[in-house]
Amino acid sequence: MITNECIHQRLKELFTNTHEWVDPYDSEVINNKYLRKFVKVLLYFIPKPLYKLKLAKKHIWPENYCLMGKAFLMLGDIKNAEKVFGELEGISEKKYYWGLPINWKSAKYVFPKGLMMSTTTSEVALFLLELRKYSEKVTDEILRKIADNLSSNLNVVYEDKEKLIYGYTPIDEYRINNSNFLVASVIYKIGKVLNEQHFVSIATKIVNACLEGVSEDGGIPYYMNGNRYDSYHQVFSLRALYILKELSPKYDMFYNEAILFLKNHLMDLDGNVYLSPQKTVIDMQGSAEALYFFKMIDDCTTAKKIQAQIDKILKHRGRYIQRDWQKFLFGPTKSRILFTRQGELRLLLALINQNE
């Protein structure tokens with residue numbers, strides 16, 4: 001059993017030793033897309049040689065700091081949570097938006113390093129909203145700047161009197177459900193804190209648009225009106241809906257349908273959380289997010305099942321790993337490492353026992 005003391009110690013190690021961070025997107029230094037994809041797969045098994053050969057390069061990911069900050073707060077370590085805030089403030093150069101530390105190649109776009117990302121900025125904002133309860137470092141002015149950045153600087157892909165869709169960044173035309181749900185949750189929450197109704201109105205328009213891009217049975221596809229579902233983004237959106245559901249009975253109804261979709265289509269009765277509805281891959285990112293979510297909503301029965309299956313399936317030689325493929329090139333295969341952003345930090349956050 002991993003105790004809170006062990007989790008706390010590991011968090012402090014990861015905060016100090018950023019050279020230990022391993023991320024599949026460290027392969028983005030490669031321009032050739034086929035080689036990049038191949039190296040990304042190899043990172044699941046042999047990361048050290050890839051970094052030595054400079055086929056992957058380590059980066060400082062703001063989201064890692066964000067996850068650590070949330071965990072420090074859950075452990076009651078306000079001092080280290082404030083240190084995390086200091087790192088994040090430095091990365092943003094006090095502009096109060098955050099992006100990726102890489103030039104991210106995505107279909108027809110290359111998103112430049114540091115370009116505001118809706119999801120990264122929103123995740124940091126949710127951490128800062130929690131830190132604000134315990135620290136005076138997070139001011140109303142900072143929260144307002146974040147809400148203004150999200151509401152004014154992201155590309156408006158579509159807008160009418162009732163609906164609003166933002167791109168993933170200030171430059172793209174993507175219509176992504178999970179990023180819009182998350183942006184809405186942050187803008188709404190900041191609007192409540194600051195008592196500024198126009199932010200609440202913006203959030204409502206975003207959710208109205210998102211609800212036209214999801215499935216009737218509660219599935220939240222990656223793209224609006226798409227057919228690609230995965231456990232991580234389903235839970236990612238559920239965390240946002242947990243905040244937004246108080247805005248409308250309609251939102252609350254869909255929130256409950258989305259939980260059922262997760263359980264019925266992306267999990268099994270044993271508590272395994274699958275990457276997709278095909279149920280051939282179990283990944284730590286979706287599993288840890290689901291564990292955190294079900295603990296958050298006090299569904300202890302489901303949370304215990306998920307944790308038991310993580311301990312049973314997502315381990316290799318006694319160590320947690322990122323992924324278990326039930327069907328791979330030559331049969332069932334397990335990865336050999338656990339990524340920092342997609343795996344270890346999310347797992348540490350989910351494993352914190354708030355009753356200790």
# chains A, B, ... in the order shown; residues from 1 in each chain; ligands from 1
call {"tool": "residues_around", "arguments": {"residues": "Gly219 (chain A)", "least_positions_apart": "4", "cutoff": "7 Å", "atoms": "only C-alpha atoms", "output": "list of chain:residue names"}}
result
A:Val214, A:Ser215, A:Ala258, A:Phe261
call {"tool": "write_last_selection", "arguments": {"atoms": "N, CA and C atoms", "output": "compact mmCIF listing (two decimals), in the first residue's frame"}}
result
# COMPACT_ATOMS: atom_id res chain seq x y z
N VAL A 214 -22.40 15.86 -28.75
CA VAL A 214 -22.18 14.61 -28.03
C VAL A 214 -23.24 13.59 -28.44
N SER A 215 -23.07 12.34 -27.99
CA SER A 215 -24.04 11.31 -28.36
C SER A 215 -25.18 11.26 -27.35
N ALA A 258 -23.31 10.65 -18.98
CA ALA A 258 -21.90 10.51 -19.34
C ALA A 258 -21.18 9.54 -18.40
N PHE A 261 -22.15 6.12 -19.60
CA PHE A 261 -21.41 5.76 -20.82
C PHE A 261 -20.02 5.27 -20.45
call {"tool": "residues_around", "arguments": {"residues": "Tyr274 (chain A)", "least_positions_apart": "4", "cutoff": "9 Å", "atoms": "only C-alpha atoms", "output": "list in words"}}
result
Asp230, Ser231, His265, Leu266, Met267, Asp268, Gln278, Lys279, Thr280, Val281, Ile282, Asp283, Gly286 and Ser287 of chain A
call {"tool": "residues_around", "arguments": {"residues": "Lys161 (chain A)", "least_positions_apart": "4", "cutoff": "12 Å", "atoms": "only C-alpha atoms", "output": "PyMOL selection string"}}
result
chain A and resi 165+201-202+204-206+208-209
call {"tool": "closest_residue", "arguments": {"among": "A:Val183, A:Leu260, A:Leu349, A:Leu11", "to": "Lys295 (chain A)", "atoms": "only C-alpha atoms"}}
result
A:Leu349
call {"tool": "closest_atom_pairs", "arguments": {"of": "region 135-163 of chain A", "to": "region 82-97 of chain A", "cutoff": "8 Å", "atoms": "only C-alpha atoms", "output": "JSON lines"}}
result
{"residue": "A:Ser135", "atom": "CA", "partner": "A:Glu82", "partner_atom": "CA", "distance": 7.6}
{"residue": "A:Lys137", "atom": "CA", "partner": "A:Glu82", "partner_atom": "CA", "distance": 7.7}
{"residue": "A:Ile142", "atom": "CA", "partner": "A:Tyr96", "partner_atom": "CA", "distance": 7.1}
{"residue": "A:Lys145", "atom": "CA", "partner": "A:Tyr96", "partner_atom": "CA", "distance": 6.5}
{"residue": "A:Ile146", "atom": "CA", "partner": "A:Tyr96", "partner_atom": "CA", "distance": 5.6}
{"residue": "A:Asn149", "atom": "CA", "partner": "A:Tyr97", "partner_atom": "CA", "distance": 6.8}
call {"tool": "select_by_dssp", "arguments": {"residues": "region 261-349 of chain A", "states": "helix (DSSP H, G or I)", "output": "PyMOL selection string"}}
result
chain A and resi 261-265+284-296+300-313+340-349
call {"tool": "write_last_selection", "arguments": {"atoms": "N, CA and C atoms", "output": "CSV table (one decimal), in the first residue's frame"}}
result
chain,number,residue,atom,x,y,z
A,261,PHE,N,-22.1,6.1,-19.6
A,261,PHE,CA,-21.4,5.8,-20.8
A,261,PHE,C,-20.0,5.3,-20.5
A,262,LEU,N,-19.4,6.0,-19.5
A,262,LEU,CA,-18.0,5.6,-19.1
A,262,LEU,C,-18.1,4.1,-18.5
A,263,LYS,N,-19.0,3.9,-17.7
A,263,LYS,CA,-19.1,2.5,-17.0
A,263,LYS,C,-19.5,1.5,-18.0
A,264,ASN,N,-20.4,1.8,-19.0
A,264,ASN,CA,-20.9,0.8,-19.9
A,264,ASN,C,-20.1,0.5,-21.1
A,265,HIS,N,-19.4,1.5,-21.6
A,265,HIS,CA,-18.7,1.4,-22.8
A,265,HIS,C,-17.1,1.5,-22.7
A,284,MET,N,-2.9,3.9,-18.2
A,284,MET,CA,-2.8,4.5,-16.9
A,284,MET,C,-3.5,5.9,-16.9
A,285,GLN,N,-3.4,6.6,-18.0
A,285,GLN,CA,-4.0,7.9,-18.0
A,285,GLN,C,-5.5,7.9,-17.8
A,286,GLY,N,-6.2,7.1,-18.5
A,286,GLY,CA,-7.7,7.0,-18.3
A,286,GLY,C,-8.0,6.3,-17.0
A,287,SER,N,-7.2,5.3,-16.6
A,287,SER,CA,-7.5,4.6,-15.4
A,287,SER,C,-7.3,5.5,-14.1
A,288,ALA,N,-6.2,6.2,-14.1
A,288,ALA,CA,-5.9,7.1,-13.0
A,288,ALA,C,-6.9,8.2,-12.9
A,289,GLU,N,-7.3,8.8,-14.1
A,289,GLU,CA,-8.3,9.8,-14.1
A,289,GLU,C,-9.6,9.3,-13.6
A,290,ALA,N,-10.0,8.1,-14.0
A,290,ALA,CA,-11.3,7.5,-13.5
A,290,ALA,C,-11.2,7.3,-12.0
A,291,LEU,N,-10.1,6.8,-11.5
A,291,LEU,CA,-10.0,6.5,-10.1
A,291,LEU,C,-10.2,7.8,-9.3
A,292,TYR,N,-9.5,8.9,-9.8
A,292,TYR,CA,-9.6,10.2,-9.1
A,292,TYR,C,-11.0,10.7,-9.2
A,293,PHE,N,-11.7,10.5,-10.3
A,293,PHE,CA,-13.1,11.0,-10.5
A,293,PHE,C,-14.0,10.3,-9.5
A,294,PHE,N,-14.0,9.0,-9.5
A,294,PHE,CA,-15.0,8.2,-8.7
A,294,PHE,C,-14.7,8.4,-7.2
A,295,LYS,N,-13.5,8.7,-6.8
A,295,LYS,CA,-13.2,9.0,-5.4
A,295,LYS,C,-13.8,10.4,-5.1
A,296,MET,N,-13.7,11.3,-6.1
A,296,MET,CA,-14.2,12.7,-5.9
A,296,MET,C,-15.7,12.7,-5.7
A,300,CYS,N,-17.3,4.9,-3.9
A,300,CYS,CA,-16.2,4.1,-3.4
A,300,CYS,C,-16.1,2.7,-4.0
A,301,THR,N,-17.3,2.1,-4.3
A,301,THR,CA,-17.3,0.8,-4.8
A,301,THR,C,-16.6,0.7,-6.2
A,302,THR,N,-16.9,1.7,-7.1
A,302,THR,CA,-16.2,1.7,-8.4
A,302,THR,C,-14.8,2.1,-8.2
A,303,ALA,N,-14.5,3.0,-7.3
A,303,ALA,CA,-13.1,3.4,-7.1
A,303,ALA,C,-12.2,2.2,-6.7
A,304,LYS,N,-12.7,1.5,-5.7
A,304,LYS,CA,-12.0,0.3,-5.2
A,304,LYS,C,-11.7,-0.7,-6.3
A,305,LYS,N,-12.7,-1.0,-7.2
A,305,LYS,CA,-12.5,-1.9,-8.3
A,305,LYS,C,-11.4,-1.4,-9.2
A,306,ILE,N,-11.5,-0.1,-9.6
A,306,ILE,CA,-10.5,0.5,-10.5
A,306,ILE,C,-9.1,0.3,-9.9
A,307,GLN,N,-8.9,0.7,-8.6
A,307,GLN,CA,-7.6,0.6,-8.0
A,307,GLN,C,-7.1,-0.8,-8.0
A,308,ALA,N,-8.0,-1.8,-7.7
A,308,ALA,CA,-7.6,-3.2,-7.7
A,308,ALA,C,-7.1,-3.6,-9.0
A,309,GLN,N,-7.7,-3.2,-10.1
A,309,GLN,CA,-7.3,-3.6,-11.4
A,309,GLN,C,-6.1,-2.9,-11.9
A,310,ILE,N,-5.9,-1.6,-11.5
A,310,ILE,CA,-4.6,-1.0,-11.7
A,310,ILE,C,-3.5,-1.7,-11.1
A,311,ASP,N,-3.6,-2.2,-9.9
A,311,ASP,CA,-2.6,-2.9,-9.2
A,311,ASP,C,-2.4,-4.3,-9.8
A,312,LYS,N,-3.4,-4.8,-10.4
A,312,LYS,CA,-3.3,-6.2,-11.0
A,312,LYS,C,-2.8,-6.1,-12.4
A,313,ILE,N,-3.3,-5.2,-13.3
A,313,ILE,CA,-3.0,-5.2,-14.7
A,313,ILE,C,-1.8,-4.3,-15.1
A,340,THR,N,5.4,10.4,-17.0
A,340,THR,CA,5.2,11.3,-15.8
A,340,THR,C,3.9,12.1,-15.9
A,341,ARG,N,3.6,12.7,-17.0
A,341,ARG,CA,2.4,13.5,-17.1
A,341,ARG,C,1.1,12.6,-17.3
A,342,GLN,N,1.3,11.6,-18.2
A,342,GLN,CA,0.1,10.8,-18.5
A,342,GLN,C,-0.1,9.7,-17.5
A,343,GLY,N,0.9,9.4,-16.6
A,343,GLY,CA,0.8,8.3,-15.7
A,343,GLY,C,1.1,8.5,-14.3
A,344,GLU,N,2.4,8.7,-13.9
A,344,GLU,CA,2.7,8.7,-12.5
A,344,GLU,C,2.1,9.8,-11.7
A,345,LEU,N,2.1,11.0,-12.2
A,345,LEU,CA,1.5,12.1,-11.4
A,345,LEU,C,0.0,12.0,-11.3
A,346,ARG,N,-0.7,11.5,-12.3
A,346,ARG,CA,-2.1,11.3,-12.2
A,346,ARG,C,-2.4,10.2,-11.2
A,347,LEU,N,-1.6,9.2,-11.2
A,347,LEU,CA,-1.8,8.0,-10.3
A,347,LEU,C,-1.5,8.5,-8.8
A,348,LEU,N,-0.5,9.2,-8.6
A,348,LEU,CA,-0.2,9.7,-7.3
A,348,LEU,C,-1.3,10.6,-6.7
A,349,LEU,N,-1.8,11.5,-7.6
A,349,LEU,CA,-3.0,12.3,-7.2
A,349,LEU,C,-4.2,11.5,-6.9
call {"tool": "closest_atom_pairs", "arguments": {"of": "region 61-85 of chain A", "to": "region 19-25 of chain A", "cutoff": "12 Å", "atoms": "only C-alpha atoms", "output": "JSON lines"}}
result
{"residue": "A:Trp61", "atom": "CA", "partner": "A:Trp21", "partner_atom": "CA", "distance": 8.8}
{"residue": "A:Pro62", "atom": "CA", "partner": "A:Trp21", "partner_atom": "CA", "distance": 11.8}
{"residue": "A:Glu63", "atom": "CA", "partner": "A:Asp23", "partner_atom": "CA", "distance": 11.4}
{"residue": "A:Asn64", "atom": "CA", "partner": "A:Trp21", "partner_atom": "CA", "distance": 8.7}
{"residue": "A:Tyr65", "atom": "CA", "partner": "A:Trp21", "partner_atom": "CA", "distance": 11.1}
call {"tool": "write_last_selection", "arguments": {"atoms": "C-alpha atoms", "output": "mmCIF file, in the first residue's frame"}}
result
data_model
loop_
_atom_site.group_PDB
_atom_site.id
_atom_site.type_symbol
_atom_site.label_atom_id
_atom_site.label_comp_id
_atom_site.auth_asym_id
_atom_site.auth_seq_id
_atom_site.Cartn_x
_atom_site.Cartn_y
_atom_site.Cartn_z
ATOM 1 C CA TRP A 61 5.623 20.561 -18.950
ATOM 2 C CA PRO A 62 3.381 23.093 -17.151
ATOM 3 C CA GLU A 63 0.770 20.370 -16.678
ATOM 4 C CA ASN A 64 3.215 18.384 -14.541
ATOM 5 C CA TYR A 65 3.524 21.335 -12.180
#
call {"tool": "residues_around", "arguments": {"residues": "region 44-58 of chain A", "least_positions_apart": "2", "cutoff": "12 Å", "atoms": "only C-alpha atoms", "output": "VMD selection string"}}
result
chain A and resid 17 to 32 35 to 42 60 to 61 101 to 102 283 316 321 to 325 333 to 340 342 to 343
call {"tool": "closest_residue", "arguments": {"among": "A:Leu131, A:Ala240, A:Ile259, A:Leu329", "to": "Asp299 (chain A)", "atoms": "only C-alpha atoms"}}
result
A:Ile259
call {"tool": "residues_around", "arguments": {"residues": "Tyr229 (chain A)", "least_positions_apart": "3", "cutoff": "8 Å", "atoms": "only C-alpha atoms", "output": "number ranges by chain"}}
result
A: 219-222, 233-234, 276-277
call {"tool": "closest_residue", "arguments": {"among": "A:Ala184, A:Leu143, A:Ile171, A:Ile78", "to": "Phe111 (chain A)", "atoms": "only C-alpha atoms"}}
result
A:Ile171
call {"tool": "residues_around", "arguments": {"residues": "Met116 (chain A)", "least_positions_apart": "4", "cutoff": "6 Å", "atoms": "only C-alpha atoms", "output": "PyMOL selection string"}}
result
chain A and resi 97-99+169
call {"tool": "write_last_selection", "arguments": {"atoms": "C-alpha atoms", "output": "JSON list (two decimals), in the first residue's frame"}}
result
[["chain", "number", "residue", "atom", "x", "y", "z"],
["A", 97, "TYR", "CA", -1.85, 31.61, -20.08],
["A", 98, "TRP", "CA", 0.01, 28.39, -20.66],
["A", 99, "GLY", "CA", 0.90, 26.24, -23.63],
["A", 169, "THR", "CA", -5.77, 27.56, -29.52]]
call {"tool": "atom_distance", "arguments": {"atom1": "CA of His198 (chain A)", "atom2": "CA of Tyr174 (chain A)"}}
result
24.3 Å
call {"tool": "atom_distance", "arguments": {"atom1": "CA of Glu123 (chain A)", "atom2": "CA of Tyr166 (chain A)"}}
result
16.2 Å
call {"tool": "atom_distance", "arguments": {"atom1": "CA of Leu129 (chain A)", "atom2": "CA of Phe15 (chain A)"}}
result
20.5 Å
call {"tool": "closest_residue", "arguments": {"among": "A:Val273, A:Asp148, A:Met1, A:Tyr109", "to": "Asp172 (chain A)", "atoms": "only C-alpha atoms"}}
result
A:Tyr109
